[in-house]
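K.L.:
Have a look at this one.
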Amino acid sequence: MTMPLGPLPGTLELLVLKTLGAGSEMHGFAILEWILQSTDDELLVEDGALYHALHRMEGRGWLRSDWGISEKGRRARYYRLSAEGTKALVEEELRWTRYVDAVAKITPRESET
Amino acid sequence: MGPIRRLFRLGLGKPDVRQAVDWEIEHYLAEQTDRLVDQGRAPAEARREAERRLGDVAHLRRKILATDRRRVVMGKRGEFWEAARTGLRQALRGLRRSPGLAAAVVLTLGLGIGVNAAMFGVVDRLLLRPPDHVSRPDQVRRVLRDGDFFGQPSVISATTYPDVVDLRTIPEFVSAGAVSSRVPLTLGAGEGARQVMVVKATHDFFTTMGVQPLMGRFFDADDDRVDSPLTAVVGYEFWQAALGGDAGVLGRTLDLSGHRVTVIGVAPRGFTGIDLERVDVWLPAVPAQHAQDGSDRFLTARTYWWLRAVVRMKDGASVEAAEAQATALHINGREESRRDPDVRILTAPLIAAQGPNASNESKVARWVAGVSLIVLLIACANVANLLLAHGAGRRREVAVRLSLGVSRMRLLREMVLETLLLSILGGLAALALAHWGGSLIRRLLIPDILWTTSALSGRVVAFTALLSLAAGLIAGFGPALQSTRADLTRDLAEGGRGSSRARARVRGGLTVAQATLSAILLVGAGLFIQSVLQVRKLDLGLDVDRLVMAQLEFQGDEPDEPETTRMYAEAMDVAARLPGVTGVAATDVPFQWAHVEDISVPGLDSLPVPPGGGPFYYAVSPGYMRTMGLRVLQGRPLRDTDGEGSEPVALVNEAMARAFWPDQDPLRGCFHIDESEECTRVVGVVENASRAELQVDGILAYYLPLAQTGGAPAGMYVRTDGEPRALAAALAPALRSFSPRVRFAQVQTFRELLDPQTRAWTLGAALFTAFGALALIVAAIGLYSVLAFDVAQRTREIGIRAALGAQKARVLRGVVFTGTRLAVLGVLLGLGVSLVAARFAQPLLFHVDSAEPVVLVGVALLLMVVAVIASLVPGFRATRVDPMEALRAE
């Protein structure tokens with residue numbers, strides 16, 4: 001079994017943006033679970049780091065937050081994308097693909113090994 | 001597991017940042033614990049594991065909080081600028097919708113703020129700003145003397161040299177220095193000679209002022225002894241203009257009224273000492289005075305009042321203690337017989353206008369500054385009025401927006417921003433006006449002062465900005481409040497045309513206020529104009545309008561008396577040959593000089609002390625009375641035959657005749673001059689005349705024939721039947737070239753001699769009139785706009801009335817009546833206030849009662865006429881309302 005990967009710097013933001021990208025509104029723990037699930041637990045997201053990232057992104061204007069009551073009846077802080085966040089999602093995705101492409105160009109492809 | 005949706009929003013408002021973080025962490029722990037329990041852990045263990053996964057909770061909390069705080073700050077700042085941007089955009093849009101209103105408001109505010117900015121430049125120099133280049137000006141104080149001075153109680157700045165020496169010993173002072181007043185000396189000789197303004201300063205004057213030379217040095221103690229060779233410090237402006245800014249000026253010698261002086265320094269730009277007038281050359285007081293007098297008596301004489309002292313206080317030293325010591329020294333320094341126990345030595349701020357002996361100009365400037373504030377108030381009232389009318393026109397819009405849920409705060413903000421924008425534009429217009437008007441005031445009305453800054457200094461700009469904002473808020477806030485206090489249903493139903501009585505009252509009130517303020521200003525203008533007229537009409541005894549005074553300066557050593565007499569005789573011949581000259585006379589006491597001798601009158605033990613001083617001594621040539629325009633009331637004038645060897649005779653003036661021979665015929669009187677053997681016989685009585693000031697009453701004077709006194713002329717008068725300035729222009733070159741012995745001739749028309757004395761009234765009259773006229777125009781526009789708006793609002797009502805057969809004349813009368821009623825109210829209030837306020841201005845007026853009926857009636861009439869004219873235009877418009885159209889418009 002391979003060790004779970006720590007996220008590359010900057011990717012945590014992209015993951016959050018993508019998670020909220022469909023227009024959904026989620027609290028921190030839900031975002032955490034969603035990321036873990038949708039990456040098949042491959043990415044190890046540090047729980048505290050995610051919360052800090054959420055606040056950082058809100059500060060940047062990418063996210064908006066609001067208080068609400070969760071399905072379990074708990075008081076929770078809900079996050080959603082702002083207009084700027086939606087823009088950022090597109091940009092971050094583009095940046096990420098370019099990055100991956102660039103890295104792919106110089107690393108041997110699996111099929112050739 | 002899908003995303004957990006929120007069930008409903010929390011109506012919690014926003015928790016504070018710290019609490020929010022705690023709640024969020026708590027929520028994580030709860031959810032994580034649940035999840036771990038689901039995975040089969042025991043609850044307590046699950047909780048511990050959850051906490052472990054979060055890592056150092058305290059550290060995380062701190063990190064998040066720091067991030068959040070930054071955001072809160074940034075967010076608020078962002079919101080503010082965002083709001084400001086939108087507000088500005090909206091305000092601009094609003095202004096573009098009503099360009100007429102915008103123009104009217106900007107113009108009115110521009111005028112109102114502009115006059116204030118222009119006056120501020122003047123007042124700043126006169127009253128607020130200490131002289132340039134003085135270090136710690138708060139420590140420097142002028143020394144004044146409060147007490148009886150030659151028979152008159154007064155606060156004077158004059159002092160004597162030994163008194164200044166005394167001041168140096170007072171421990172509360174760091175140092176003490178003194179300067180003479182500004183005197184004209186002649187630079188060079190012959191054709192190229194010119195007059196320069198010179199101030200004599202003790203060596204410690206500059207150290208006391210704490211000023212540093214631009215080049216070279218100021219005087220030291222060695223330059224300031226009786227036998228020191230004469231040195232000079234030249235003023236920056238003189239250095240630039242007359243010496244071409246010569247970098248090698250140090251060591252150059254100048255010929256100043258026949259004395260050779262060596263330049264040792266250049267004063268910094270704009271340094272004028274304790275006064276505000278330009279100084280061309282500074283000379284060391286002691287050797288310069290010695291050279292002028294030919295004696296060093298001034299070093300010890302406590303009767304020779306030629307200096308004005310300044311001192312620098314030690315930090316924290318008591319002013320009262322210092323004044324007490326100075327007073328004691330002043331009294332004790334005098335001989336027993338001359339001691340005046342009631343005299344007090346005072347100190348006052350360096351800025352003369354803040355002290356007790358402020359000049360009349362500065363007092364007038366203070367009043368005029370107040371007046372310009374009133375102009376601004378009128379302008380603000382006008383703007384408020386315009387905005388109220390504008391707001392009334394926008395009520396429907398406001399009502400709609402309010403009903404759509406736009407908050408009143410936001411509407412208010414928009415409107416206030418709109419006026420602020422207007423006032424900023426007004427401020428810009430004001431700066432243009434201040435630049436132009438300020439320079440005009442300086443040049444025309446206060447020309448002697450060396451203005452060191454342009455009319456638009458940084459301080460003026462800052463003042464203008466401040467005033468613009470204040471004016472915008474004052475004028476904008478009220479109307480904004482008014483127009484957002486909407487009665488929704490009514491405004492919507494009436495289509496925004498509803499007449500609000502309260503609003504009409506407010507606007508009427510503003511109009512009355514404007515009329516009141518205008519009346520006050522016009523009364524002020526009237527009083528000052530009356531003063532100027534009185535001054536002009538003033539019978540100085542002398543017939544001054546066609547008179548020129550000339551004084552000769554000689555080359556080399558002063559000529560003795562016979563030679564001086566010969567030179568003046570020649571000069572008088574030269575003058576008499578000029579076209580238009582009708583009279584020439586010489587005197588040994590030219591205008592504004594004074595000569596007093598001890599006299600005694602047989603039969604009188606003591607002589608009455610006249611309030612105006614004197615009796616003043618004049619030795620004159622025979623043509624003096626005729627040339628000066630002095631009427632001989634009794635007896636005969638002086639004759640050519642009254643010469644050496646003949647019986648000594650004198651003319652006395654009326655005041656002297658009445659004071660010394662009250663119940664007798666003065667022509668039988670005689671008096672001894674300076675304990676002379678022979679009694680000088682009175683052969684004639686002449687009318688009273690001014691000696692130096694605009695004062696005639698109570699000045700005692702007598703006139704002796706020059707030929708009998710053995711004295712020499714010191715000046716001459718020339719009368720013309722033409723234009724005195726033309727005569728002066730012809731006389732000056734003629735007198736400067738008729739003899740090689742003459743180095744220079746000073747020639748001035750009599751009006752020029754008197755002008756500085758009348759300047760305060762001219763200044764007051766000019767500025768009060770200008771501002772009063774401005775106020776009147778603005779107020780008239782205000783009244784007009786109120787009535788015009790009123791008529792527009794009442795179009796329907798007027799239409800109905802017309803339809804019902806109301807006569808046009810009646811409609812017109814109605815409107816004009818409304819207008820004049822407001823004006824009458826304003827005039828009455830204004831005259832009432834003026835009656836009270838003018839009493840405080842009384843000392844500034846010249847022989848004019850502050851309740852002068854001519855002025856009050858004139859102002860009332862003027863205002864009423866203007867009010868009627870301003871009402872007629874909207875009145876006629878009302879008569880042209882077409883009933884059909886007015887009704888159809890419904």
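Naming scheme: A, B, ... for chains in displayed order of the structure tokens; residues 1 onward per chain; ligands 1 onward as shown.
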Which residues in segment 654-874 of chain B does DSSP call strand (DSSP E or B)? List them as a compact mmCIF listing (two decimals) with N, CA and C atoms, in the first residue's frame.

P.N.:
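The file below, part-v9.txt, is the result:
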# COMPACT_ATOMS: atom_id res chain seq x y z
N CYS B 670 1.30 138.98 24.20
CA CYS B 670 2.64 138.64 23.75
C CYS B 670 3.14 137.48 24.60
N PHE B 671 4.19 136.82 24.16
CA PHE B 671 4.72 135.71 24.97
C PHE B 671 6.22 135.58 24.79
N HIS B 672 6.85 135.01 25.81
CA HIS B 672 8.31 134.80 25.77
C HIS B 672 8.59 133.38 25.29
N ILE B 673 9.52 133.26 24.33
CA ILE B 673 9.88 131.94 23.82
C ILE B 673 11.24 131.57 24.38
N THR B 680 7.43 138.35 22.38
CA THR B 680 7.01 138.27 20.99
C THR B 680 5.54 138.67 20.89
N ARG B 681 5.26 139.67 20.07
CA ARG B 681 3.90 140.22 20.02
C ARG B 681 3.02 139.43 19.05
N VAL B 682 1.80 139.19 19.45
CA VAL B 682 0.84 138.50 18.59
C VAL B 682 0.25 139.52 17.63
N VAL B 683 0.46 139.30 16.32
CA VAL B 683 -0.07 140.27 15.36
C VAL B 683 -1.25 139.70 14.57
N GLY B 684 -1.49 138.40 14.72
CA GLY B 684 -2.61 137.84 13.97
C GLY B 684 -3.05 136.51 14.54
N VAL B 685 -4.28 136.12 14.20
CA VAL B 685 -4.80 134.81 14.62
C VAL B 685 -5.17 134.05 13.36
N VAL B 686 -4.67 132.82 13.24
CA VAL B 686 -5.02 132.00 12.06
C VAL B 686 -5.86 130.82 12.51
N ALA B 701 -0.72 126.15 18.30
CA ALA B 701 0.43 126.41 17.44
C ALA B 701 0.64 127.90 17.27
N TYR B 702 1.94 128.27 17.07
CA TYR B 702 2.23 129.67 16.72
C TYR B 702 3.25 129.69 15.60
N TYR B 703 3.22 130.77 14.85
CA TYR B 703 4.04 130.88 13.65
C TYR B 703 4.92 132.11 13.77
N LEU B 704 6.24 131.92 13.58
CA LEU B 704 7.18 133.03 13.67
C LEU B 704 7.80 133.24 12.30
N PRO B 705 8.24 134.46 11.99
CA PRO B 705 8.94 134.66 10.73
C PRO B 705 10.33 134.03 10.80
N GLY B 715 12.02 122.37 5.03
CA GLY B 715 11.13 121.85 4.01
C GLY B 715 10.39 123.00 3.35
N MET B 716 9.79 122.72 2.20
CA MET B 716 9.04 123.77 1.53
C MET B 716 7.74 123.21 0.96
N TYR B 717 6.77 124.11 0.80
CA TYR B 717 5.48 123.72 0.23
C TYR B 717 5.27 124.47 -1.07
N VAL B 718 4.67 123.78 -2.03
CA VAL B 718 4.36 124.41 -3.30
C VAL B 718 2.89 124.16 -3.61
N ARG B 719 2.17 125.22 -3.95
CA ARG B 719 0.76 125.08 -4.29
C ARG B 719 0.59 125.23 -5.79
N THR B 720 -0.29 124.45 -6.34
CA THR B 720 -0.54 124.51 -7.78
C THR B 720 -2.03 124.72 -8.03
N VAL B 742 22.96 119.96 -3.95
CA VAL B 742 21.79 119.15 -3.60
C VAL B 742 22.01 117.72 -4.07
N ARG B 743 21.93 116.80 -3.12
CA ARG B 743 22.13 115.40 -3.46
C ARG B 743 20.79 114.74 -3.85
N PHE B 744 19.73 115.16 -3.21
CA PHE B 744 18.44 114.53 -3.44
C PHE B 744 17.35 115.46 -2.94
N ALA B 745 16.19 115.36 -3.54
CA ALA B 745 15.04 116.10 -3.04
C ALA B 745 13.87 115.13 -2.91
N GLN B 746 13.29 115.12 -1.71
CA GLN B 746 12.10 114.29 -1.52
C GLN B 746 10.88 115.14 -1.85
N VAL B 747 10.05 114.63 -2.75
CA VAL B 747 8.87 115.38 -3.15
C VAL B 747 7.66 114.49 -3.00
N GLN B 748 6.68 114.96 -2.27
CA GLN B 748 5.46 114.17 -2.07
C GLN B 748 4.25 115.08 -2.11
N THR B 749 3.18 114.59 -2.70
CA THR B 749 1.95 115.37 -2.61
C THR B 749 1.41 115.23 -1.20

K.L.:
Which residues, written as number ranges by chain, have at least one atom at most 9 Å from Glu644 of chain B, with only C-alpha atoms counted and residues fewer than 2 positions away on the same chain left out?

P.N.:
B: 641-642, 646-648, 707-710

K.L.:
Next, the residues of the selection above should be written as an mmCIF file, in the first residue's frame with C-alpha atoms.

P.N.:
data_model
loop_
_atom_site.group_PDB
_atom_site.id
_atom_site.type_symbol
_atom_site.label_atom_id
_atom_site.label_comp_id
_atom_site.auth_asym_id
_atom_site.auth_seq_id
_atom_site.Cartn_x
_atom_site.Cartn_y
_atom_site.Cartn_z
ATOM 1 C CA THR B 641 9.312 143.380 6.610
ATOM 2 C CA ASP B 642 9.173 141.185 9.717
ATOM 3 C CA SER B 646 12.381 144.579 13.600
ATOM 4 C CA GLU B 647 10.038 143.853 16.467
ATOM 5 C CA PRO B 648 9.567 140.083 17.043
ATOM 6 C CA ALA B 707 13.981 135.692 9.278
ATOM 7 C CA GLN B 708 13.566 136.631 12.956
ATOM 8 C CA THR B 709 14.374 133.231 14.446
ATOM 9 C CA GLY B 710 17.677 132.758 12.683
#

K.L.:
In Å to one decimal, how far is atom CA of Arg741 of chain B from atom CA of Pro562 of chain B?

P.N.:
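For atom CA of Pro562 of chain B relative to atom CA of Arg741 of chain B, the distance reads 14.0 Å.
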
K.L.:
So that I can check the surroundings of Ala189 of chain B, please list as a list of chain:residue names every protein, DNA and RNA residue that reaches within 12 Å of it, counting only C-alpha atoms and ignoring chain neighbours fewer than 5 positions away.

P.N.:
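What passes the distance filter is B:Arg194, B:Gln195, B:Leu254, B:Asp255, B:Leu256, B:Ser257, B:Gly258, B:His259, B:Arg260, B:Glu553, B:Phe554, B:Gln555, B:Gly556, B:Arg736, B:Ser737, B:Pro740, B:Arg741, B:Val742, B:Arg743, B:Phe744, B:Ala745.
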
K.L.:
Chain A near chain B within 6 Å: what's each residue's closest atom pair and its distance in Å to one decimal, counting only C-alpha atoms, ordered by chain then ascending residue number, as a Markdown table?

P.N.:
| residue | atom | partner | partner_atom | distance |
| --- | --- | --- | --- | --- |
| A:Phe29 | CA | B:Tyr28 | CA | 5.8 |
| A:Asp47 | CA | B:Leu54 | CA | 5.6 |
| A:Gly48 | CA | B:Leu54 | CA | 5.0 |
| A:His52 | CA | B:Ile64 | CA | 5.5 |
| A:Gly59 | CA | B:Arg71 | CA | 4.9 |
| A:Trp67 | CA | B:Leu10 | CA | 5.7 |
| A:Gly68 | CA | B:Arg9 | CA | 4.5 |
| A:Ile69 | CA | B:Leu7 | CA | 6.0 |
| A:Ser70 | CA | B:Arg6 | CA | 5.2 |

K.L.:
Let me make sure I understand: among A:Ala22, A:Ile106, A:Leu63, A:Ile31, which one has the smallest atom-to-atom distance to Gly85 of chain A if we use only C-alpha atoms?

P.N.:
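Closest residue, counting only C-alpha atoms: A:Leu63.
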
K.L.:
Quick one: pick out all alpha helix (DSSP H) residues within segment 152-189 of chain B from a backbone DSSP run and write them as a PyMOL selection string.

P.N.:
chain B and resi 161-167

K.L.:
Could you list, as an MDAnalysis selection string, every residue within 6 Å of segment 296-301 of chain B, counting only C-alpha atoms and ignoring same-chain residues fewer than 5 positions away?

P.N.:
chainID B and resid 161:162 290

K.L.:
I'd like the neighbourhood of Gly799 of chain B as JSON, numbers by chain, where a residue qualifies if any of its atoms comes within 10 Å (using only C-alpha atoms), though same-chain residues fewer than 2 positions away should be ignored.

P.N.:
{"B": [794, 795, 796, 797, 801, 802, 803, 804, 805, 806, 878, 879, 880, 881, 882, 883, 884, 885, 886, 887]}

K.L.:
Might you pull out every residue within 8 Å of segment 198-214 of chain B, with only C-alpha atoms counted and same-chain residues fewer than 3 positions away left off, and present them as number ranges by chain?

P.N.:
B: 133-137, 140, 174-185, 217-221, 223-224, 265-269, 273, 279-286, 288-289, 310-312
